[in-house]
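Enquirer: Sharing structure_10.cif here; it has mmCIF, C-alpha atoms.
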```cif
data_query
loop_
_atom_site.label_atom_id
_atom_site.label_comp_id
_atom_site.auth_asym_id
_atom_site.auth_seq_id
_atom_site.Cartn_x
_atom_site.Cartn_y
_atom_site.Cartn_z
CA MET A 1 37.88 12.06 -35.26
CA GLY A 2 36.15 14.95 -36.97
CA ARG A 3 35.81 16.21 -40.49
CA ALA A 4 38.95 17.95 -41.72
CA VAL A 5 38.91 20.04 -44.89
CA ASP A 6 41.44 21.14 -47.47
CA TYR A 7 40.57 24.82 -47.69
CA GLU A 8 42.72 27.80 -46.73
CA LEU A 9 40.83 30.69 -45.15
CA ASP A 10 41.92 34.20 -46.07
CA ARG A 11 41.57 37.34 -43.96
CA THR A 12 37.96 37.99 -45.01
CA ASP A 13 36.94 34.38 -44.37
CA ARG A 14 38.37 34.62 -40.87
CA ALA A 15 36.51 37.85 -40.23
CA VAL A 16 33.24 36.25 -41.34
CA VAL A 17 33.73 33.20 -39.11
CA ASN A 18 34.64 35.35 -36.11
CA ALA A 19 31.92 37.95 -36.61
CA PHE A 20 28.87 35.83 -37.30
CA GLN A 21 28.83 32.83 -34.98
CA GLY A 22 25.81 34.59 -33.55
CA GLY A 23 24.08 37.93 -33.78
CA PHE A 24 23.14 37.63 -37.46
CA PRO A 25 20.34 40.09 -38.29
CA VAL A 26 16.75 38.87 -38.57
CA VAL A 27 15.54 41.15 -41.36
CA ARG A 28 14.34 40.50 -44.90
CA ARG A 29 17.77 41.09 -46.49
CA PRO A 30 20.20 40.33 -43.65
CA PHE A 31 23.41 40.34 -45.70
CA ASP A 32 23.14 44.08 -46.41
CA PRO A 33 23.55 45.21 -42.76
CA ALA A 34 25.91 42.30 -42.06
CA ALA A 35 28.29 43.39 -44.83
CA ALA A 36 28.00 47.03 -43.75
CA ALA A 37 29.01 46.05 -40.20
CA LEU A 38 32.08 44.25 -41.54
CA ARG A 39 33.05 47.30 -43.59
CA ASP A 40 32.74 49.42 -40.44
CA ARG A 41 35.33 47.07 -38.91
CA GLY A 42 37.72 47.48 -41.84
CA VAL A 43 36.74 44.36 -43.76
CA GLN A 44 35.77 45.44 -47.26
CA VAL A 45 33.03 43.16 -48.56
CA SER A 46 29.70 43.72 -50.32
CA ALA A 47 26.46 41.94 -49.44
CA GLU A 48 26.75 39.84 -52.60
CA GLU A 49 30.34 38.90 -51.79
CA LEU A 50 29.35 37.98 -48.22
CA VAL A 51 26.65 35.61 -49.49
CA GLU A 52 29.21 33.97 -51.77
CA ARG A 53 31.81 33.75 -48.98
CA ILE A 54 29.42 31.97 -46.62
CA ARG A 55 28.16 29.69 -49.40
CA THR A 56 31.74 28.68 -50.22
CA LEU A 57 32.63 28.09 -46.56
CA ASP A 58 29.53 25.93 -46.27
CA ASP A 59 30.24 23.99 -49.47
CA GLU A 60 33.88 23.42 -48.49
CA GLY A 61 32.92 21.98 -45.09
CA VAL A 62 34.37 24.83 -43.03
CA LEU A 63 30.84 25.34 -41.71
CA SER A 64 28.50 22.68 -40.44
CA ARG A 65 25.70 24.92 -41.66
CA PHE A 66 24.46 28.51 -41.83
CA GLY A 67 21.34 29.48 -39.93
CA SER A 68 19.77 28.96 -36.55
CA LEU A 69 20.90 26.86 -33.61
CA VAL A 70 17.62 25.57 -32.17
CA ASN A 71 17.45 25.00 -28.41
CA ALA A 72 15.83 21.56 -28.28
CA GLN A 73 15.14 21.88 -24.56
CA LYS A 74 12.76 24.77 -25.26
CA ILE A 75 10.96 22.95 -28.07
CA GLY A 76 9.68 20.09 -25.93
CA GLY A 77 10.70 16.77 -24.42
CA THR A 78 14.06 16.37 -22.78
CA ALA A 79 17.65 15.28 -23.33
CA THR A 80 20.07 13.78 -20.85
CA LEU A 81 23.70 12.70 -20.71
CA VAL A 82 24.35 9.05 -19.85
CA ALA A 83 27.60 7.28 -18.96
CA MET A 84 28.27 3.55 -18.92
CA HIS A 85 31.02 0.98 -18.98
CA ALA A 86 31.54 -1.12 -22.09
CA PRO A 87 33.96 -4.03 -21.55
CA GLU A 88 36.93 -3.79 -23.92
CA GLU A 89 36.28 -7.20 -25.45
CA ARG A 90 32.64 -6.27 -26.15
CA PHE A 91 33.01 -2.57 -26.78
CA ASP A 92 31.87 -2.51 -30.42
CA GLU A 93 28.99 -4.87 -29.66
CA VAL A 94 27.77 -2.67 -26.81
CA ALA A 95 28.14 0.45 -28.95
CA GLU A 96 26.02 -1.14 -31.66
CA GLN A 97 23.33 -2.07 -29.13
CA VAL A 98 23.26 1.43 -27.68
CA ASN A 99 23.31 3.16 -31.06
CA ALA A 100 20.42 1.03 -32.32
CA HIS A 101 18.11 3.07 -30.09
CA ARG A 102 16.77 5.96 -32.15
CA GLU A 103 16.64 8.07 -28.98
CA VAL A 104 20.46 8.04 -28.82
CA ALA A 105 21.56 11.23 -30.58
CA HIS A 106 25.31 11.30 -29.84
CA ASN A 107 27.66 8.65 -28.54
CA TYR A 108 31.37 9.06 -27.77
CA GLU A 109 34.13 6.84 -26.51
CA ARG A 110 36.02 8.74 -23.82
CA GLU A 111 39.22 8.10 -21.92
CA HIS A 112 38.24 6.83 -18.47
CA PRO A 113 39.26 3.66 -16.61
CA HIS A 114 35.62 2.64 -16.12
CA LEU A 115 33.02 4.93 -17.72
CA ASN A 116 34.27 4.81 -21.30
CA MET A 117 31.00 5.31 -23.22
CA TRP A 118 29.03 8.57 -23.08
CA PHE A 119 25.82 9.19 -24.98
CA VAL A 120 22.99 11.71 -25.18
CA LEU A 121 19.43 10.47 -25.00
CA SER A 122 16.73 12.68 -26.56
CA VAL A 123 13.04 11.87 -26.03
CA ALA A 124 9.62 13.44 -26.50
CA ASP A 125 6.74 13.58 -24.10
CA GLY A 126 4.26 10.83 -24.85
CA GLU A 127 0.53 10.42 -24.36
CA ASP A 128 0.97 7.73 -21.73
CA GLU A 129 4.32 8.68 -20.22
CA THR A 130 6.39 11.78 -19.55
CA ALA A 131 9.74 12.36 -21.19
CA ALA A 132 11.46 11.50 -17.90
CA GLU A 133 9.60 8.19 -17.74
CA ARG A 134 10.58 7.48 -21.33
CA VAL A 135 14.25 8.11 -20.45
CA ASP A 136 13.98 5.56 -17.64
CA ALA A 137 12.35 3.05 -19.98
CA VAL A 138 15.02 3.40 -22.69
CA LEU A 139 17.85 3.10 -20.15
CA ALA A 140 16.22 -0.04 -18.73
CA GLU A 141 16.13 -1.51 -22.24
CA ILE A 142 19.81 -0.67 -22.81
CA GLU A 143 20.80 -2.23 -19.49
CA ALA A 144 18.84 -5.40 -20.29
CA GLU A 145 20.40 -5.68 -23.76
CA THR A 146 24.00 -4.90 -22.80
CA GLY A 147 24.16 -6.27 -19.26
CA GLN A 148 25.79 -2.99 -18.22
CA GLU A 149 24.54 -0.41 -15.73
CA THR A 150 23.83 3.10 -17.00
CA TYR A 151 24.39 6.30 -15.05
CA ASN A 152 21.93 9.06 -15.89
CA LEU A 153 23.41 12.57 -15.57
CA PRO A 154 20.60 15.02 -16.34
CA LYS A 155 21.34 18.71 -16.44
CA GLN A 156 20.54 20.34 -13.08
CA GLN A 157 21.83 23.81 -13.93
CA GLU A 158 23.01 25.21 -17.25
CA PHE A 159 25.68 27.88 -16.94
CA ARG A 160 26.72 28.06 -20.58
CA VAL A 161 26.04 26.46 -23.95
CA GLU A 162 27.94 28.50 -26.50
CA ALA A 163 30.18 26.46 -28.75
CA LYS A 164 31.96 29.28 -30.54
CA PHE A 165 35.36 28.85 -32.15
CA TYR A 166 37.37 31.94 -33.02
CA LEU A 167 40.37 32.34 -35.31
CA ASP A 168 43.34 34.65 -35.52
CA GLY A 169 42.25 37.57 -37.66
CA PRO A 170 39.82 40.50 -37.74
CA ILE A 171 37.06 40.65 -35.10
CA ALA A 172 38.86 37.99 -33.10
CA ASP A 173 36.65 38.63 -30.08
CA GLY A 174 33.49 37.91 -32.08
CA ASP A 175 31.62 40.80 -30.49
CA LEU A 176 29.60 41.85 -33.55
CA ASP A 177 25.92 41.51 -32.60
CA LEU A 178 23.21 42.64 -35.02
CA THR A 179 20.19 40.98 -33.42
CA GLY A 180 18.86 44.39 -32.43
CA LEU A 181 18.12 45.13 -36.09
CA GLY A 182 15.22 42.68 -36.12
CA PRO A 183 11.58 43.53 -35.46
CA SER A 184 10.43 44.52 -32.00
CA VAL A 185 8.62 41.49 -30.54
CA GLU A 186 7.60 40.26 -27.11
CA PRO A 187 7.90 36.69 -25.78
CA SER A 188 4.60 34.83 -26.03
CA GLY A 189 4.71 33.21 -22.60
CA ARG A 190 3.49 29.97 -24.20
CA LYS A 191 5.35 26.68 -23.69
CA SER A 192 3.56 24.80 -26.45
CA LEU A 193 3.90 25.44 -30.19
CA THR A 194 1.24 26.16 -32.75
CA PRO A 195 1.26 23.89 -35.83
CA ARG A 196 2.72 26.79 -37.86
CA GLU A 197 5.50 27.29 -35.33
CA ARG A 198 6.25 23.57 -35.29
CA ASP A 199 6.60 23.57 -39.08
CA LEU A 200 8.91 26.57 -38.87
CA VAL A 201 11.14 24.89 -36.26
CA LEU A 202 11.46 21.75 -38.37
CA GLU A 203 12.20 23.77 -41.52
CA ILE A 204 15.04 25.78 -39.96
CA GLN A 205 16.61 23.18 -37.66
CA ASP A 206 19.18 22.12 -40.27
CA GLY A 207 20.01 25.64 -41.40
CA PHE A 208 19.02 28.24 -43.98
CA ALA A 209 19.68 28.36 -47.68
CA VAL A 210 22.66 30.64 -48.29
CA THR A 211 20.95 33.27 -50.41
CA ALA A 212 20.42 37.02 -50.12
CA THR A 213 16.91 36.35 -48.73
CA PRO A 214 17.07 33.29 -46.42
CA TYR A 215 13.93 34.17 -44.46
CA LEU A 216 11.95 34.67 -47.66
CA ASP A 217 13.13 31.25 -48.83
CA VAL A 218 11.83 29.70 -45.60
CA ALA A 219 8.53 31.54 -45.98
CA GLU A 220 8.05 30.36 -49.56
CA THR A 221 8.82 26.76 -48.60
CA LEU A 222 6.22 26.90 -45.83
CA GLY A 223 3.69 28.94 -47.78
CA GLU A 224 3.86 31.66 -45.14
CA ASP A 225 4.24 35.43 -45.20
CA VAL A 226 7.87 36.50 -44.86
CA ASP A 227 7.01 39.06 -42.18
CA TRP A 228 5.51 36.30 -40.03
CA VAL A 229 8.67 34.21 -40.46
CA VAL A 230 10.95 37.13 -39.56
CA GLU A 231 8.88 38.09 -36.52
CA THR A 232 8.56 34.51 -35.29
CA VAL A 233 12.26 33.74 -35.69
CA ARG A 234 13.08 36.93 -33.81
CA ARG A 235 10.60 36.00 -31.06
CA PHE A 236 12.08 32.49 -30.86
CA GLU A 237 15.46 34.14 -30.24
CA ARG A 238 14.02 36.18 -27.37
CA GLU A 239 12.24 33.15 -25.91
CA GLY A 240 15.38 31.01 -26.05
CA LYS A 241 13.94 28.57 -28.59
CA ILE A 242 16.76 29.67 -30.89
CA ARG A 243 20.11 30.05 -29.15
CA ARG A 244 21.68 32.09 -31.94
CA ILE A 245 21.70 32.66 -35.70
CA GLY A 246 24.76 32.78 -37.91
CA VAL A 247 27.55 30.52 -39.13
CA ILE A 248 27.94 27.22 -37.29
CA PRO A 249 31.57 26.14 -37.75
CA ASN A 250 32.92 22.66 -38.24
CA HIS A 251 35.36 23.13 -35.37
CA TYR A 252 37.61 20.32 -36.60
CA ALA A 253 38.02 22.23 -39.88
CA LEU A 254 39.14 25.27 -37.89
CA GLY A 255 41.80 23.20 -36.13
CA TYR A 256 39.97 22.66 -32.82
CA THR A 257 40.72 18.95 -32.69
CA GLU A 258 41.20 18.50 -28.94
CA ASN A 259 37.89 18.00 -27.13
CA GLY A 260 38.25 17.75 -23.35
CA MET A 261 35.40 17.22 -20.90
CA THR A 262 36.64 18.35 -17.50
CA VAL A 263 34.66 17.14 -14.50
CA TRP A 264 34.85 18.48 -10.95
CA ASN A 265 33.68 17.54 -7.49
CA VAL A 266 32.69 21.08 -6.52
CA PRO A 267 31.39 21.62 -2.97
CA ASP A 268 27.63 22.05 -3.19
CA ASP A 269 27.71 25.38 -1.36
CA VAL A 270 29.92 27.07 -4.00
CA VAL A 271 28.46 25.62 -7.23
CA ASP A 272 26.20 28.62 -7.79
CA GLU A 273 29.15 30.97 -7.37
CA VAL A 274 31.69 28.98 -9.39
CA GLY A 275 29.38 28.15 -12.29
CA PRO A 276 29.00 31.62 -13.83
CA VAL A 277 32.71 32.39 -13.38
CA VAL A 278 33.90 29.25 -15.18
CA ALA A 279 31.22 29.78 -17.82
CA GLY A 280 32.71 33.24 -18.38
CA LEU A 281 35.99 31.76 -19.66
CA ASP A 282 35.73 32.30 -23.41
CA PHE A 283 37.14 28.87 -24.30
CA VAL A 284 34.56 26.98 -22.20
CA THR A 285 31.81 25.95 -24.60
CA HIS A 286 29.49 23.99 -22.31
CA CYS A 287 29.15 24.26 -18.54
CA TYR A 288 26.62 22.38 -16.38
CA GLU A 289 25.83 21.06 -12.93
CA ARG A 290 24.91 17.35 -13.03
CA PRO A 291 24.27 14.75 -10.30
CA ARG A 292 26.90 12.55 -8.68
CA HIS A 293 26.55 8.75 -8.48
CA GLU A 294 27.86 7.59 -5.13
CA GLY A 295 30.70 5.11 -5.30
CA VAL A 296 31.03 5.42 -9.08
CA TRP A 297 30.98 9.04 -10.17
CA PRO A 298 31.93 11.74 -7.62
CA TYR A 299 31.76 14.73 -9.97
CA ASN A 300 28.91 17.23 -10.13
CA PHE A 301 30.29 19.95 -12.42
CA PHE A 302 31.10 19.62 -16.14
CA ALA A 303 33.08 22.12 -18.24
CA MET A 304 33.82 21.35 -21.89
CA THR A 305 36.90 22.89 -23.46
CA HIS A 306 38.32 22.75 -26.99
CA GLY A 307 41.86 23.38 -28.14
CA ARG A 308 43.84 23.46 -31.37
CA SER A 309 46.62 21.32 -29.92
CA GLU A 310 47.14 19.08 -26.94
CA ALA A 311 49.31 21.78 -25.35
CA GLU A 312 46.66 24.47 -25.82
CA SER A 313 43.98 22.14 -24.48
CA GLN A 314 46.00 21.33 -21.37
CA GLU A 315 46.72 25.02 -20.84
CA ARG A 316 43.02 25.81 -20.94
CA ILE A 317 42.17 23.01 -18.54
CA GLU A 318 44.78 24.42 -16.16
CA GLN A 319 43.07 27.81 -16.41
CA VAL A 320 39.81 26.19 -15.36
CA ARG A 321 41.58 24.58 -12.41
CA GLU A 322 43.15 27.89 -11.40
CA THR A 323 39.75 29.55 -11.58
CA MET A 324 38.21 26.81 -9.46
CA ALA A 325 41.01 27.15 -6.91
CA GLU A 326 39.97 30.75 -6.22
CA TYR A 327 36.78 29.44 -4.64
CA TRP A 328 37.72 26.14 -2.98
CA ASN A 329 40.72 23.95 -2.21
CA VAL A 330 40.97 21.75 -5.32
CA ALA A 331 42.76 18.46 -4.67
CA ASP A 332 44.06 16.15 -7.41
CA GLU A 333 41.28 13.64 -6.73
CA ASP A 334 38.61 16.35 -7.07
CA TRP A 335 38.74 16.55 -10.85
CA ASP A 336 39.44 14.67 -14.04
CA SER A 337 39.61 15.33 -17.78
CA LEU A 338 38.00 12.94 -20.23
CA PHE A 339 39.09 13.30 -23.84
CA SER A 340 36.95 11.81 -26.58
CA THR A 341 38.78 9.20 -28.62
CA ARG A 342 36.07 8.11 -31.04
CA ILE A 343 32.69 9.31 -32.30
CA LEU A 344 30.38 6.30 -32.11
CA LYS A 345 27.21 8.05 -33.26
CA LYS A 346 26.29 11.62 -34.13
CA THR A 347 22.85 12.12 -35.65
CA GLY A 348 21.90 15.28 -33.79
CA ILE A 349 18.82 15.85 -31.69
CA ARG A 350 15.70 14.67 -33.52
CA LEU A 351 13.29 17.54 -33.08
CA ALA A 352 10.30 16.27 -35.06
CA GLU A 353 8.88 14.01 -32.37
CA ARG A 354 9.64 16.46 -29.58
CA ALA A 355 8.07 19.36 -31.48
CA ASP A 356 5.02 17.29 -32.47
CA ALA A 357 4.43 16.24 -28.87
CA ASN A 358 4.59 19.88 -27.78
CA THR A 359 2.22 21.19 -30.45
CA ALA A 360 -1.28 22.05 -29.31
CA GLU A 361 -4.32 23.41 -31.07
CA ASP A 362 -5.16 25.55 -28.04
CA ALA A 363 -1.84 27.32 -28.62
CA VAL A 364 -3.34 28.65 -31.85
CA GLN A 365 -6.02 30.55 -29.95
CA ALA A 366 -3.39 31.95 -27.58
CA ALA A 367 -1.21 33.00 -30.51
CA GLU A 368 -4.10 34.79 -32.18
CA THR A 369 -4.53 37.00 -29.12
CA GLU A 370 -0.84 37.98 -28.93
#
```
Show how you would write the structure in this file as structure tokens.

Expert:
Amino acid sequence: MGRAVDYELDRTDRAVVNAFQGGFPVVRRPFDPAAAALRDRGVQVSAEELVERIRTLDDEGVLSRFGSLVNAQKIGGTATLVAMHAPEERFDEVAEQVNAHREVAHNYEREHPHLNMWFVLSVADGEDETAAERVDAVLAEIEAETGQETYNLPKQQEFRVEAKFYLDGPIADGDLDLTGLGPSVEPSGRKSLTPRERDLVLEIQDGFAVTATPYLDVAETLGEDVDWVVETVRRFEREGKIRRIGVIPNHYALGYTENGMTVWNVPDDVVDEVGPVVAGLDFVTHCYERPRHEGVWPYNFFAMTHGRSEAESQERIEQVRETMAEYWNVADEDWDSLFSTRILKKTGIRLAERADANTAEDAVQAAETE
């Protein structure tokens, strides 16, 4: 399904991947303290060598990119998960019709006797309609074109979004966090972006250049002062607009080929208690509460797991079930596991429209008073 690579990671590569899936420093020359932190953990590498290591991992496809993971939800607009049935004899036709909508960011075929197509819809707020109204309009178009009903499953609670993939080797727990080295900044309290902030978001959404001075490179591209870039990126981290900064692995290249979406019919009165506990399992990468659809979809709790083999994946799913069982009596019919069998579309969340719609001139005045 995913992108495999022919590259053998050595001990230092594994340390880099484990250490920096988040917590990368936001300072002018971030590789200096990053390399020093690795040396403190017994991994001998200079700043220059660390730059070259990450550049090679990126070039070889071990990484999807190096840089920031932008939280699209905080930038503007909305995204939602949608399930539908595509008849076997028309599956490819339906997939093509769904994928033709530019709002569809991801689309997967999943193992389920009825709901076998799962896609993410990403939309911006418009002048004449809200993002939620635009979601309804796009789903109505898809239903009219395909003749199939869609089931909207918007996020009601987010317990975890942290797709980190660790390897055997140094710093296996990935607990190296250098975000505290950045400048001291306070959240702005603004929901909208200034035009400068919008341009920054769009510049960094696909990653940084792998150089000794990535923030300076961004600043020069934008024609901005590097201190403003560093301070704004750090503030975006604190505000949740950036989830984390570091190496973003290609998890297929690391051997995490089994992608299981477990779904649960959790009693409503224990969801708030169960959610944080399941999210605390280090192999759970995404964990949400979503709505049920009576008569079609009885599940209200989603937990995504990844494994390096079918056996490991099944073992992890069983750990989720055992954790659930500590809080309620889990019957066989109360849960299911849907494995993805094919990627039908994967373009990523398009931030430009969402950021543009959430950019306001009055935010400039507010920013100037911060």

Enquirer: Have a look at A:Ala357, A:Val263, A:Ala124, A:Met324 and name the one nearest to Gly275 of chain A; count all atoms listed in the file.

Expert: A:Met324

Enquirer: Looking at only C-alpha atoms, which of A:Thr221, A:Ser192, A:Asn329, A:Ser122 is the one that sits closest to Trp264 of chain A?

Expert: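 Closest candidate: A:Asn329.
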
Enquirer: Using all atoms listed in the file, determine which residues lie at most 12 Å from Arg53 of chain A, disregarding the query and same-chain residues fewer than 6 positions distant; provide the list as a PyMOL selection string.

Expert: chain A and resi 9-17+31+35+45-47+59-60+62-63+66+210-212+247

Enquirer: Starting from the shown file, work through the PyMOL selection byres ((chain A and resi 107-115) around 6) and note down what comes out as a ChimeraX atom specification.

Expert: /A:84-85,106,116-119,338-345

Enquirer: From the set A:Ala34, A:Ala79, A:Leu193, A:Ala253, which residue has the shortest atom-to-atom contact distance to Ala131 of chain A, counting all atoms listed in the file?

Expert: A:Ala79

Enquirer: Rounded to one decimal in Å, what is the spacing between atom CA of Pro183 of chain A and atom CA of Thr56 of chain A?

Expert: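 Interatomic distance, atom CA of Pro183 of chain A to atom CA of Thr56 of chain A: 29.1 Å.
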
Enquirer: On this file, the PyMOL selection byres ((chain A and resi 101) around 10) gives some set of residues; write that set as a list in words.

Expert: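 Taken on the displayed file, the PyMOL selection byres ((chain A and resi 101) around 10) yields the residues Glu96, Gln97, Val98, Asn99, Ala100, Arg102, Glu103, Val104, Ala105, Leu121, Val138, Leu139, Glu141 and Ile142 of chain A.
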
Enquirer: Check the smallest atom-to-atom distance from each of A:Val161, A:Ile349, A:Ala140, A:Ala83 to Gly240 of chain A using all atoms listed in the file, then report the winner.

Expert: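 For Gly240 of chain A, the nearest of the given residues is A:Val161.
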